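S.K.: Here you go, work-v1.pdb (PDB, C-alpha atoms):
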ATOM      1  CA  MET B   1     166.124 -13.599 188.910
ATOM      2  CA  THR B   2     167.084 -17.177 189.691
ATOM      3  CA  GLU B   3     170.755 -17.935 189.185
ATOM      4  CA  ASN B   4     171.380 -19.943 186.048
ATOM      5  CA  VAL B   5     174.976 -21.131 185.777
ATOM      6  CA  MET B   6     176.461 -22.520 182.568
ATOM      7  CA  LEU B   7     179.838 -24.294 182.516
ATOM      8  CA  ILE B   8     181.508 -24.230 179.091
ATOM      9  CA  PHE B   9     184.576 -26.462 178.848
ATOM     10  CA  PRO B  10     186.306 -28.362 176.027
ATOM     11  CA  HIS B  11     187.076 -31.769 177.589
ATOM     12  CA  PRO B  12     185.283 -34.069 180.015
ATOM     13  CA  ASP B  13     186.913 -33.511 183.468
ATOM     14  CA  ASP B  14     187.750 -29.786 182.899
ATOM     15  CA  GLU B  15     184.379 -28.939 184.476
ATOM     16  CA  THR B  16     185.036 -31.132 187.513
ATOM     17  CA  PHE B  17     188.570 -29.917 188.232
ATOM     18  CA  SER B  18     187.582 -26.276 187.654
ATOM     19  CA  ALA B  19     184.167 -25.928 189.183
ATOM     20  CA  ALA B  20     182.685 -28.974 190.970
ATOM     21  CA  GLY B  21     182.587 -27.149 194.314
ATOM     22  CA  THR B  22     181.478 -23.900 192.708
ATOM     23  CA  VAL B  23     178.472 -25.692 191.242
ATOM     24  CA  GLN B  24     177.526 -26.959 194.720
ATOM     25  CA  HIS B  25     178.016 -23.461 196.128
ATOM     26  CA  TYR B  26     175.619 -21.949 193.587
ATOM     27  CA  LYS B  27     173.096 -24.726 194.045
ATOM     28  CA  ARG B  28     173.079 -24.628 197.847
ATOM     29  CA  THR B  29     173.303 -20.874 198.414
ATOM     30  CA  LYS B  30     171.398 -19.625 195.373
ATOM     31  CA  ASP B  31     169.259 -22.575 194.335
ATOM     32  CA  ALA B  32     170.848 -22.233 190.904
ATOM     33  CA  TYR B  33     170.003 -24.169 187.773
ATOM     34  CA  VAL B  34     173.269 -25.500 186.322
ATOM     35  CA  SER B  35     174.055 -26.687 182.806
ATOM     36  CA  ALA B  36     177.364 -28.038 181.516
ATOM     37  CA  VAL B  37     178.491 -27.627 177.913
ATOM     38  CA  SER B  38     181.285 -29.881 176.659
ATOM     39  CA  LEU B  39     182.695 -28.978 173.253
ATOM     40  CA  THR B  40     184.466 -32.316 172.706
ATOM     41  CA  LEU B  41     184.515 -35.755 174.291
ATOM     42  CA  GLY B  42     188.283 -35.728 174.811
ATOM     43  CA  GLU B  43     188.679 -38.103 171.866
ATOM     44  CA  MET B  44     192.461 -37.657 171.756
ATOM     45  CA  GLY B  45     193.214 -38.096 175.456
ATOM     46  CA  ARG B  46     196.432 -39.935 176.317
ATOM     47  CA  ASN B  47     195.094 -41.451 179.524
ATOM     48  CA  PHE B  48     193.283 -44.749 179.216
ATOM     49  CA  GLY B  49     193.654 -45.915 182.789
ATOM     50  CA  MET B  50     196.217 -48.405 184.057
ATOM     51  CA  PRO B  51     195.521 -51.043 182.876
ATOM     52  CA  PRO B  52     193.785 -49.429 179.861
ATOM     53  CA  ILE B  53     189.966 -49.525 180.008
ATOM     54  CA  ALA B  54     189.476 -48.148 176.502
ATOM     55  CA  ASN B  55     191.112 -47.773 173.112
ATOM     56  CA  ARG B  56     191.321 -44.692 170.888
ATOM     57  CA  GLU B  57     187.944 -45.467 169.293
ATOM     58  CA  THR B  58     185.996 -46.405 172.420
ATOM     59  CA  LEU B  59     187.499 -43.591 174.538
ATOM     60  CA  PRO B  60     184.907 -40.913 173.577
ATOM     61  CA  HIS B  61     182.027 -43.215 174.551
ATOM     62  CA  ILE B  62     183.680 -44.067 177.872
ATOM     63  CA  ARG B  63     184.493 -40.423 178.604
ATOM     64  CA  LYS B  64     180.926 -39.363 177.796
ATOM     65  CA  LYS B  65     179.615 -41.852 180.339
ATOM     66  CA  GLU B  66     182.224 -40.745 182.889
ATOM     67  CA  LEU B  67     181.221 -37.115 182.313
ATOM     68  CA  GLU B  68     177.541 -37.910 182.799
ATOM     69  CA  ASP B  69     178.377 -39.722 186.042
ATOM     70  CA  ALA B  70     180.531 -36.829 187.282
ATOM     71  CA  LEU B  71     177.871 -34.240 186.389
ATOM     72  CA  SER B  72     175.284 -36.256 188.246
ATOM     73  CA  ILE B  73     177.523 -36.320 191.355
ATOM     74  CA  MET B  74     178.086 -32.561 191.011
ATOM     75  CA  GLY B  75     174.346 -31.958 190.777
ATOM     76  CA  VAL B  76     174.431 -30.481 187.280
ATOM     77  CA  ASP B  77     170.922 -30.316 185.831
ATOM     78  CA  GLN B  78     171.661 -30.475 182.111
ATOM     79  CA  PHE B  79     174.449 -31.711 179.833
ATOM     80  CA  ILE B  80     174.995 -30.267 176.366
ATOM     81  CA  HIS B  81     177.577 -31.810 174.008
ATOM     82  CA  LEU B  82     178.533 -29.701 170.995
ATOM     83  CA  GLY B  83     180.316 -32.376 168.936
ATOM     84  CA  TYR B  84     183.688 -30.818 168.149
ATOM     85  CA  ARG B  85     186.786 -32.989 167.989
ATOM     86  CA  ASP B  86     189.496 -32.898 170.640
ATOM     87  CA  LYS B  87     192.661 -30.991 169.574
ATOM     88  CA  THR B  88     190.945 -29.351 166.590
ATOM     89  CA  LEU B  89     189.131 -26.502 168.376
ATOM     90  CA  GLU B  90     191.882 -23.937 167.796
ATOM     91  CA  PHE B  91     191.667 -24.651 164.057
ATOM     92  CA  GLU B  92     187.938 -24.006 163.776
ATOM     93  CA  LEU B  93     187.052 -20.435 162.809
ATOM     94  CA  THR B  94     186.641 -18.623 166.129
ATOM     95  CA  SER B  95     183.524 -16.949 164.723
ATOM     96  CA  THR B  96     181.990 -20.364 163.937
ATOM     97  CA  VAL B  97     182.474 -21.640 167.481
ATOM     98  CA  ALA B  98     181.479 -18.256 168.955
ATOM     99  CA  ASN B  99     178.218 -18.193 166.985
ATOM    100  CA  HIS B 100     177.493 -21.786 168.008
ATOM    101  CA  LEU B 101     178.064 -20.861 171.658
ATOM    102  CA  LEU B 102     176.037 -17.669 171.290
ATOM    103  CA  ASN B 103     173.040 -19.754 170.169
ATOM    104  CA  VAL B 104     173.457 -22.029 173.186
ATOM    105  CA  ILE B 105     173.782 -19.059 175.567
ATOM    106  CA  VAL B 106     170.792 -17.222 174.091
ATOM    107  CA  GLU B 107     168.694 -20.391 174.270
ATOM    108  CA  HIS B 108     169.508 -21.151 177.913
ATOM    109  CA  GLN B 109     169.978 -17.593 179.225
ATOM    110  CA  PRO B 110     172.588 -18.235 181.905
ATOM    111  CA  THR B 111     173.188 -15.449 184.417
ATOM    112  CA  THR B 112     176.742 -16.699 184.967
ATOM    113  CA  VAL B 113     179.032 -18.460 182.494
ATOM    114  CA  ILE B 114     182.160 -20.274 183.687
ATOM    115  CA  THR B 115     184.976 -21.133 181.250
ATOM    116  CA  PHE B 116     188.763 -20.891 180.770
ATOM    117  CA  TYR B 117     190.661 -17.598 180.715
ATOM    118  CA  PRO B 118     191.814 -17.223 177.087
ATOM    119  CA  GLY B 119     195.599 -17.145 176.790
ATOM    120  CA  HIS B 120     196.305 -18.448 180.303
ATOM    121  CA  SER B 121     194.968 -21.977 180.187
ATOM    122  CA  ILE B 122     197.884 -24.062 178.846
ATOM    123  CA  HIS B 123     196.040 -26.412 176.464
ATOM    124  CA  PRO B 124     195.226 -24.933 173.018
ATOM    125  CA  ASP B 125     191.649 -26.288 173.279
ATOM    126  CA  HIS B 126     191.245 -24.504 176.635
ATOM    127  CA  ASP B 127     192.405 -21.175 175.229
ATOM    128  CA  ALA B 128     190.294 -21.601 172.080
ATOM    129  CA  THR B 129     187.214 -22.308 174.195
ATOM    130  CA  GLY B 130     187.758 -19.253 176.395
ATOM    131  CA  GLU B 131     188.348 -17.101 173.339
ATOM    132  CA  ALA B 132     185.153 -18.308 171.638
ATOM    133  CA  VAL B 133     183.082 -17.716 174.798
ATOM    134  CA  VAL B 134     184.452 -14.170 175.102
ATOM    135  CA  GLU B 135     183.623 -13.553 171.430
ATOM    136  CA  ALA B 136     180.128 -14.972 171.864
ATOM    137  CA  ILE B 137     179.325 -12.760 174.833
ATOM    138  CA  LYS B 138     180.766  -9.731 173.054
ATOM    139  CA  MET B 139     178.047 -10.212 170.426
ATOM    140  CA  MET B 140     175.309  -9.812 173.055
ATOM    141  CA  ASP B 141     173.635  -6.585 174.205
ATOM    142  CA  HIS B 142     175.390  -5.258 177.296
ATOM    143  CA  SER B 143     172.184  -5.556 179.288
ATOM    144  CA  LYS B 144     171.801  -9.247 178.460
ATOM    145  CA  ARG B 145     175.370 -10.393 179.048
ATOM    146  CA  PRO B 146     175.901 -13.010 181.748
ATOM    147  CA  THR B 147     178.661 -12.574 184.310
ATOM    148  CA  LEU B 148     181.723 -14.288 182.873
ATOM    149  CA  LEU B 149     183.949 -16.162 185.331
ATOM    150  CA  THR B 150     187.156 -17.457 183.783
ATOM    151  CA  LYS B 151     189.652 -19.976 185.093
ATOM    152  CA  ALA B 152     193.374 -19.426 184.425
ATOM    153  CA  ILE B 153     195.682 -22.370 185.083
ATOM    154  CA  THR B 154     199.185 -21.254 184.112
ATOM    155  CA  ALA B 155     201.515 -20.997 187.112
ATOM    156  CA  ASP B 156     202.400 -17.378 186.316
ATOM    157  CA  ALA B 157     198.866 -16.182 185.494
ATOM    158  CA  GLU B 158     198.770 -13.759 188.442
ATOM    159  CA  GLN B 159     201.824 -11.925 187.135
ATOM    160  CA  HIS B 160     199.886 -11.132 183.965
ATOM    161  CA  ILE B 161     196.265 -10.726 185.015
ATOM    162  CA  GLY B 162     196.482 -10.091 188.752
ATOM    163  CA  GLU B 163     194.897 -12.089 191.523
ATOM    164  CA  PRO B 164     191.628 -13.922 190.990
ATOM    165  CA  ASP B 165     188.701 -11.853 192.292
ATOM    166  CA  VAL B 166     186.446 -14.857 192.921
ATOM    167  CA  VAL B 167     187.820 -17.540 195.247
ATOM    168  CA  PHE B 168     185.711 -20.390 196.565
ATOM    169  CA  ASP B 169     187.097 -22.506 199.390
ATOM    170  CA  ILE B 170     185.077 -25.585 198.567
ATOM    171  CA  SER B 171     186.120 -27.584 201.665
ATOM    172  CA  PRO B 172     182.475 -28.409 202.559
ATOM    173  CA  TYR B 173     182.146 -30.084 199.157
ATOM    174  CA  LEU B 174     185.626 -31.595 198.925
ATOM    175  CA  GLU B 175     184.517 -35.222 199.260
ATOM    176  CA  MET B 176     181.839 -34.694 196.615
ATOM    177  CA  LYS B 177     184.432 -33.169 194.296
ATOM    178  CA  LYS B 178     186.832 -36.068 194.835
ATOM    179  CA  GLU B 179     184.024 -38.475 194.041
ATOM    180  CA  ALA B 180     183.272 -36.539 190.822
ATOM    181  CA  ILE B 181     186.974 -36.621 189.938
ATOM    182  CA  ARG B 182     187.022 -40.385 190.530
ATOM    183  CA  ALA B 183     184.053 -40.744 188.163
ATOM    184  CA  HIS B 184     186.459 -39.789 185.359
ATOM    185  CA  ARG B 185     187.948 -43.267 185.695
ATOM    186  CA  SER B 186     189.986 -43.237 182.487
ATOM    187  CA  GLN B 187     191.666 -40.001 183.631
ATOM    188  CA  ALA B 188     192.788 -41.203 187.071
ATOM    189  CA  LEU B 189     196.470 -40.811 186.162
ATOM    190  CA  GLU B 190     195.914 -37.114 185.496
ATOM    191  CA  VAL B 191     195.186 -36.308 189.148
ATOM    192  CA  ASP B 192     198.645 -37.548 190.151
ATOM    193  CA  ALA B 193     200.246 -35.711 187.241
ATOM    194  CA  ILE B 194     198.618 -32.384 188.170
ATOM    195  CA  THR B 195     199.403 -32.812 191.880
ATOM    196  CA  LYS B 196     203.044 -33.549 191.023
ATOM    197  CA  GLN B 197     203.133 -30.444 188.814
ATOM    198  CA  LYS B 198     201.627 -28.205 191.519
ATOM    199  CA  LEU B 199     204.158 -29.418 194.095
ATOM    200  CA  LYS B 200     206.937 -28.754 191.577
ATOM    201  CA  GLU B 201     205.605 -25.221 191.174
ATOM    202  CA  GLY B 202     206.004 -24.671 194.902
ATOM    203  CA  ALA B 203     202.616 -25.633 196.323
ATOM    204  CA  THR B 204     202.848 -26.791 199.942
ATOM    205  CA  ASP B 205     199.329 -28.210 200.167
ATOM    206  CA  PRO B 206     199.007 -30.987 197.557
ATOM    207  CA  GLU B 207     195.221 -30.608 197.665
ATOM    208  CA  ALA B 208     195.078 -26.819 197.316
ATOM    209  CA  TRP B 209     194.431 -26.996 193.569
ATOM    210  CA  ILE B 210     191.368 -29.129 194.287
ATOM    211  CA  ARG B 211     190.218 -27.189 197.383
ATOM    212  CA  TYR B 212     190.308 -23.636 196.032
ATOM    213  CA  GLU B 213     188.336 -22.858 192.894
ATOM    214  CA  THR B 214     189.547 -19.489 191.676
ATOM    215  CA  PHE B 215     188.169 -17.332 188.893
ATOM    216  CA  TRP B 216     188.817 -14.023 187.241
ATOM    217  CA  THR B 217     185.701 -12.045 186.340
ATOM    218  CA  TYR B 218     186.371 -11.338 182.688
ATOM    219  CA  LYS B 219     186.128  -7.662 181.838
ATOM    220  CA  GLN B 220     184.814  -7.260 178.344
ATOM    221  CA  SER B 221     186.253  -4.206 176.649
ATOM    222  CA  GLU B 222     183.641  -1.508 176.446
ATOM    223  CA  GLU B 223     183.123  -1.449 172.681
ATOM    224  CA  VAL B 224     179.668  -2.503 171.518
TER     225      VAL B 224
ATOM    226  CA  MET S   1     193.787 -54.334 174.915
ATOM    227  CA  ILE S   2     196.561 -56.882 175.306
ATOM    228  CA  GLU S   3     200.331 -56.906 175.170
ATOM    229  CA  ILE S   4     201.510 -57.544 171.649
ATOM    230  CA  ASN S   5     202.251 -61.127 170.684
ATOM    231  CA  LYS S   6     204.603 -60.786 167.742
ATOM    232  CA  GLU S   7     203.476 -63.841 165.768
ATOM    233  CA  GLU S   8     199.784 -63.106 166.249
ATOM    234  CA  LEU S   9     200.234 -59.482 165.237
ATOM    235  CA  GLN S  10     202.119 -60.531 162.102
ATOM    236  CA  GLU S  11     199.265 -62.872 161.256
ATOM    237  CA  ASN S  12     196.656 -60.159 161.904
ATOM    238  CA  LEU S  13     198.538 -57.608 159.809
ATOM    239  CA  SER S  14     198.721 -59.977 156.880
ATOM    240  CA  GLN S  15     194.911 -60.026 156.740
ATOM    241  CA  TYR S  16     195.110 -56.441 155.476
ATOM    242  CA  PHE S  17     197.689 -57.021 152.744
ATOM    243  CA  ASN S  18     196.389 -56.223 149.250
ATOM    244  CA  HIS S  19     193.459 -54.290 150.708
ATOM    245  CA  GLU S  20     192.505 -50.609 150.574
ATOM    246  CA  ILE S  21     192.487 -49.480 154.175
ATOM    247  CA  TYR S  22     191.928 -46.406 156.328
ATOM    248  CA  VAL S  23     194.743 -45.387 158.642
ATOM    249  CA  HIS S  24     194.685 -43.512 161.940
ATOM    250  CA  PHE S  25     198.217 -42.639 162.981
ATOM    251  CA  GLU S  26     199.296 -40.453 165.876
ATOM    252  CA  MET S  27     202.351 -39.671 167.931
ATOM    253  CA  THR S  28     202.390 -37.329 170.878
ATOM    254  CA  ASN S  29     204.214 -36.423 174.049
ATOM    255  CA  GLY S  30     201.126 -34.612 175.270
ATOM    256  CA  ALA S  31     199.463 -31.210 175.050
ATOM    257  CA  TYR S  32     200.859 -30.335 178.486
ATOM    258  CA  ALA S  33     204.443 -31.281 177.567
ATOM    259  CA  ALA S  34     205.396 -27.708 176.706
ATOM    260  CA  TYR S  35     204.231 -26.696 180.167
ATOM    261  CA  ARG S  36     205.438 -29.602 182.250
ATOM    262  CA  HIS S  37     208.654 -30.698 180.584
ATOM    263  CA  GLY S  38     210.155 -29.124 177.510
ATOM    264  CA  LYS S  39     208.379 -28.949 174.187
ATOM    265  CA  ALA S  40     205.189 -30.497 172.888
ATOM    266  CA  ALA S  41     205.580 -32.534 169.721
ATOM    267  CA  SER S  42     202.632 -34.367 168.297
ATOM    268  CA  GLY S  43     200.630 -35.048 165.215
ATOM    269  CA  PHE S  44     197.874 -37.200 163.901
ATOM    270  CA  VAL S  45     196.424 -38.337 160.620
ATOM    271  CA  ARG S  46     192.869 -39.651 160.630
ATOM    272  CA  ASN S  47     191.398 -41.724 157.859
ATOM    273  CA  ALA S  48     194.259 -41.542 155.378
ATOM    274  CA  LYS S  49     193.674 -44.108 152.633
ATOM    275  CA  ALA S  50     196.349 -46.540 151.573
ATOM    276  CA  LYS S  51     196.689 -49.858 149.809
ATOM    277  CA  LEU S  52     198.823 -52.180 151.870
ATOM    278  CA  ILE S  53     201.206 -54.468 150.007
ATOM    279  CA  GLU S  54     203.182 -56.256 152.712
ATOM    280  CA  GLY S  55     204.918 -55.649 155.996
ATOM    281  CA  LYS S  56     206.569 -56.944 159.158
ATOM    282  CA  VAL S  57     206.544 -56.755 162.905
ATOM    283  CA  THR S  58     210.079 -56.496 164.295
ATOM    284  CA  GLY S  59     211.769 -55.835 167.624
ATOM    285  CA  ASP S  60     210.962 -57.248 171.039
ATOM    286  CA  SER S  61     208.533 -55.109 173.066
ATOM    287  CA  PRO S  62     208.424 -52.334 172.183
ATOM    288  CA  PHE S  63     207.845 -53.524 168.642
ATOM    289  CA  ARG S  64     208.206 -51.835 165.286
ATOM    290  CA  VAL S  65     205.755 -52.195 162.440
ATOM    291  CA  GLY S  66     206.705 -51.269 158.882
ATOM    292  CA  LEU S  67     204.124 -51.602 156.136
ATOM    293  CA  LYS S  68     204.787 -51.166 152.435
ATOM    294  CA  THR S  69     201.933 -49.418 150.646
ATOM    295  CA  SER S  70     201.273 -48.996 146.927
ATOM    296  CA  ASP S  71     202.612 -45.422 147.159
ATOM    297  CA  GLY S  72     205.031 -45.482 150.099
ATOM    298  CA  TRP S  73     205.426 -46.656 153.676
ATOM    299  CA  LEU S  74     203.818 -46.687 157.076
ATOM    300  CA  TYR S  75     206.222 -46.962 160.016
ATOM    301  CA  ALA S  76     205.685 -47.049 163.761
ATOM    302  CA  ASP S  77     208.086 -47.702 166.632
ATOM    303  CA  GLY S  78     207.329 -48.106 170.334
ATOM    304  CA  LEU S  79     204.259 -50.344 169.978
ATOM    305  CA  THR S  80     203.478 -52.391 173.073
ATOM    306  CA  HIS S  81     199.750 -53.208 172.932
ATOM    307  CA  SER S  82     197.139 -54.296 170.451
ATOM    308  CA  ASP S  83     193.375 -54.194 170.685
ATOM    309  CA  HIS S  84     190.921 -56.565 169.061
ATOM    310  CA  THR S  85     187.624 -54.976 170.086
ATOM    311  CA  PHE S  86     186.645 -54.512 166.441
ATOM    312  CA  THR S  87     186.682 -57.254 163.831
ATOM    313  CA  GLU S  88     187.164 -54.775 160.974
ATOM    314  CA  ALA S  89     190.088 -52.902 162.523
ATOM    315  CA  LEU S  90     193.515 -53.613 163.951
ATOM    316  CA  LEU S  91     194.566 -51.193 166.683
ATOM    317  CA  MET S  92     198.188 -50.937 167.858
ATOM    318  CA  TYR S  93     199.462 -48.681 170.618
ATOM    319  CA  GLY S  94     202.551 -47.712 172.557
ATOM    320  CA  PHE S  95     202.474 -46.338 176.097
ATOM    321  CA  ASP S  96     205.137 -44.435 178.017
ATOM    322  CA  ASP S  97     206.358 -45.373 181.502
ATOM    323  CA  ASP S  98     203.530 -43.350 183.096
ATOM    324  CA  GLY S  99     200.921 -45.334 181.177
ATOM    325  CA  LYS S 100     200.142 -42.532 178.738
ATOM    326  CA  MET S 101     199.646 -43.284 175.054
ATOM    327  CA  GLN S 102     202.474 -41.977 172.927
ATOM    328  CA  ILE S 103     201.897 -43.699 169.608
ATOM    329  CA  ALA S 104     198.906 -45.225 167.830
ATOM    330  CA  LEU S 105     198.649 -47.037 164.526
ATOM    331  CA  GLN S 106     195.154 -48.157 163.568
ATOM    332  CA  LEU S 107     194.146 -49.911 160.345
ATOM    333  CA  SER S 108     190.556 -50.406 159.263
ATOM    334  CA  THR S 109     188.669 -51.531 156.203
ATOM    335  CA  THR S 110     186.036 -48.845 156.917
ATOM    336  CA  PRO S 111     186.600 -45.185 157.889
ATOM    337  CA  PHE S 112     187.103 -44.447 161.582
ATOM    338  CA  GLU S 113     184.184 -42.542 163.127
TER     339      GLU S 113
END
If you took the structure in this file and wrote it as structure tokens, what would it be?
M.R.:
Amino acid sequence: MTENVMLIFPHPDDETFSAAGTVQHYKRTKDAYVSAVSLTLGEMGRNFGMPPIANRETLPHIRKKELEDALSIMGVDQFIHLGYRDKTLEFELTSTVANHLLNVIVEHQPTTVITFYPGHSIHPDHDATGEAVVEAIKMMDHSKRPTLLTKAITADAEQHIGEPDVVFDISPYLEMKKEAIRAHRSQALEVDAITKQKLKEGATDPEAWIRYETFWTYKQSEEV
Amino acid sequence: MIEINKEELQENLSQYFNHEIYVHFEMTNGAYAAYRHGKAASGFVRNAKAKLIEGKVTGDSPFRVGLKTSDGWLYADGLTHSDHTFTEALLMYGFDDDGKMQIALQLSTTPFE
């Protein structure tokens, strides 16, 4: 079966930071079809660029365009926007979001789904997205479930869930990834903020968080 | 988006006096604050309705805006920028030293999208 990879992330730029090189890896080595699902358009982002290139009301339109540009650089074949509002995901009924995602997954039949690791992803929208994806896949027959790769981003994640079992050194695609990151023009300040944070946490290579895309294969509990 | 000119902002605000308006108000130190530095504190109200009576711009960048409504008050401190993209809405913002938005007060005669 041809690889069909689906990225499911809450905000524009999550997909680029988490999986830009992974997408290239799947496309080049497995000729994969790749879709990207964004639950929100990052309507409540605090970054507007310096000087600001948007206001609160125009930001979603700008971020949608930035996302489309980044996805095009990454080589993503299809973009699906689900229309939730930034910051409100954790307050939606998990079953509502899970059923919505289940419909999307059943329609597109990905063989691999990539999202955040619920409970280890810092931002409430990240955790809520991971949780809803896990719930959605739990509703599927075991035989039809895609492989679920989850991204944890807390500094102490490994103490709780062990080491990531899937690690891509995306060096061959690093320039492409940086270009995709730059496509998120309104979010440029975030790259510096994350790099600063990683160095504070003890990283010696300021680019390691961009260069290594790490995932934990999510083990669904065995109940039907 | 431009830096606030106090007199112009006062003039623009007065256009909304004695009108029913929709308010978007938010304050935040960021969703990552709890992780990066201390505790997150934030909140927003979208499309609250109010009838503005009168109000003032005070301070000297950052500015404060206090607006008397028929039932109470609207208050915002730390405003540095205003945006005039829309003719039917007045958008006021404050940014922190890193250029991140930390407060927004938006008034509109029609609901925000």
S.K.: Could you tell me which of S:Gly38, S:Phe63, S:Glu113, S:Glu7 comes closest to S:Met92 if we count all atoms listed in the file?
M.R.: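 Among the listed residues, the smallest separation from S:Met92 belongs to S:Phe63.
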S.K.: Return the neighbours of chain B among the residues of chain S, cut-off 12 Å, counting only C-alpha atoms, as number ranges by chain.
M.R.: S: 1-3, 24-37, 40, 42-46, 81-86, 89-108, 111-113
S.K.: Can you sort out the box for stretch 16-26 of chain B, edges along x, y and z, all listed atoms in, 3 Å on every side, with centre and edge lengths in Å to one decimal, as JSON?
M.R.:
{"center_x": 182.1, "center_y": -26.5, "center_z": 191.8, "size_x": 19.0, "size_y": 15.2, "size_z": 14.6}
S.K.: What separation in Å, quoted to one decimal, exists between atom CA of B:Ala36 and atom CA of B:Leu93?
M.R.: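 Those two atoms sit 22.4 Å apart.
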S.K.: Find the distance between atom CA of B:Val191 and atom CA of B:Lys177 and write it in Å to one decimal.
M.R.: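 For atom CA of B:Val191 relative to atom CA of B:Lys177, the distance reads 12.3 Å.
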S.K.: Using only C-alpha atoms, determine which residues lie at most 8 Å from S:Leu13, disregarding the query and same-chain residues fewer than 3 positions distant; provide the list as a PyMOL selection string.
M.R.: chain S and resi 9-10+16-17+55+90
S.K.: Can you spell out as number ranges by chain the set of residues that the PyMOL selection byres ((chain B and resi 129) around 12) selects in the structure I just provided?
M.R.: B: 7-11, 14, 37-40, 82, 84, 86-98, 100-101, 114-128, 130-136, 150-151
S.K.: Please enumerate the residues selected by the PyMOL selection byres ((chain B and resi 146-148) around 9) when evaluated against the supplied file, formatted as number ranges by chain.
M.R.: B: 105, 109-115, 133-134, 137, 142-145, 149-150, 216-220
S.K.: Of the candidates B:Glu66, B:Glu15, B:Glu175, B:Glu213, which shows the shortest atom-to-atom distance to B:Gln187, using all atoms listed in the file?
M.R.: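 Using all atoms listed in the file, the shortest distance to B:Gln187 belongs to B:Glu66.
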S.K.: For the file shown, report as a list in words the outcome of the PyMOL selection byres ((chain S and resi 56) around 9) at residue level.
M.R.: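 After applying the PyMOL selection byres ((chain S and resi 56) around 9), what remains is Gln10, Leu13, Ser14, Glu54, Gly55, Val57, Thr58, Arg64, Val65, Gly66 and Leu67 of chain S.
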S.K.: At what distance in Å, to one decimal, does atom CA of B:Arg185 lie from atom CA of S:Glu88?
M.R.: 27.3 Å
S.K.: So which residues touch B:Thr195 within 12 Å, counting only C-alpha atoms, skipping near sequence neighbours fewer than 6 positions away, as a list in words?
M.R.: Phe17, Ala188, Leu189, Glu201, Gly202, Ala203, Thr204, Asp205, Pro206, Glu207, Ala208, Trp209 and Ile210 of chain B; Arg36 of chain S
S.K.: Write the residues of the selection above to a file with C-alpha atoms, as a PDB file, in the coordinates of the input.
M.R.:
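The resulting file, part.pdb, is shown below:
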ATOM      1  CA  PHE B  17     188.570 -29.917 188.232  1.00  0.00           C
ATOM      2  CA  ALA B 188     192.788 -41.203 187.071  1.00  0.00           C
ATOM      3  CA  LEU B 189     196.470 -40.811 186.162  1.00  0.00           C
ATOM      4  CA  GLU B 201     205.605 -25.221 191.174  1.00  0.00           C
ATOM      5  CA  GLY B 202     206.004 -24.671 194.902  1.00  0.00           C
ATOM      6  CA  ALA B 203     202.616 -25.633 196.323  1.00  0.00           C
ATOM      7  CA  THR B 204     202.848 -26.791 199.942  1.00  0.00           C
ATOM      8  CA  ASP B 205     199.329 -28.210 200.167  1.00  0.00           C
ATOM      9  CA  PRO B 206     199.007 -30.987 197.557  1.00  0.00           C
ATOM     10  CA  GLU B 207     195.221 -30.608 197.665  1.00  0.00           C
ATOM     11  CA  ALA B 208     195.078 -26.819 197.316  1.00  0.00           C
ATOM     12  CA  TRP B 209     194.431 -26.996 193.569  1.00  0.00           C
ATOM     13  CA  ILE B 210     191.368 -29.129 194.287  1.00  0.00           C
TER      14      ILE B 210
ATOM     15  CA  ARG S  36     205.438 -29.602 182.250  1.00  0.00           C
TER      16      ARG S  36
END
S.K.: Contacts of B:Arg63 at 8 Å or less, counting all atoms listed in the file, minus same-chain residues fewer than 6 places along, as number ranges by chain?
M.R.: B: 12, 41-42, 184, 186
S.K.: How about saving the chosen residues, C-alpha atoms kept, as a compact mmCIF listing (two decimals), in the coordinates of the input?
M.R.:
# COMPACT_ATOMS: atom_id res chain seq x y z
CA PRO B 12 185.28 -34.07 180.02
CA LEU B 41 184.52 -35.76 174.29
CA GLY B 42 188.28 -35.73 174.81
CA HIS B 184 186.46 -39.79 185.36
CA SER B 186 189.99 -43.24 182.49
S.K.: Looking at B:Tyr212, B:Leu67, B:Met139, B:Ile73, which one is nearest to B:Pro164, with distances taken over all atoms listed in the file?
M.R.: B:Tyr212
S.K.: Which of these residues is nearest to S:His19, using all atoms listed in the file: S:Leu79, S:Ser70, S:Thr110, S:Lys51?
M.R.: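 Selected residue with least distance to S:His19: S:Lys51.
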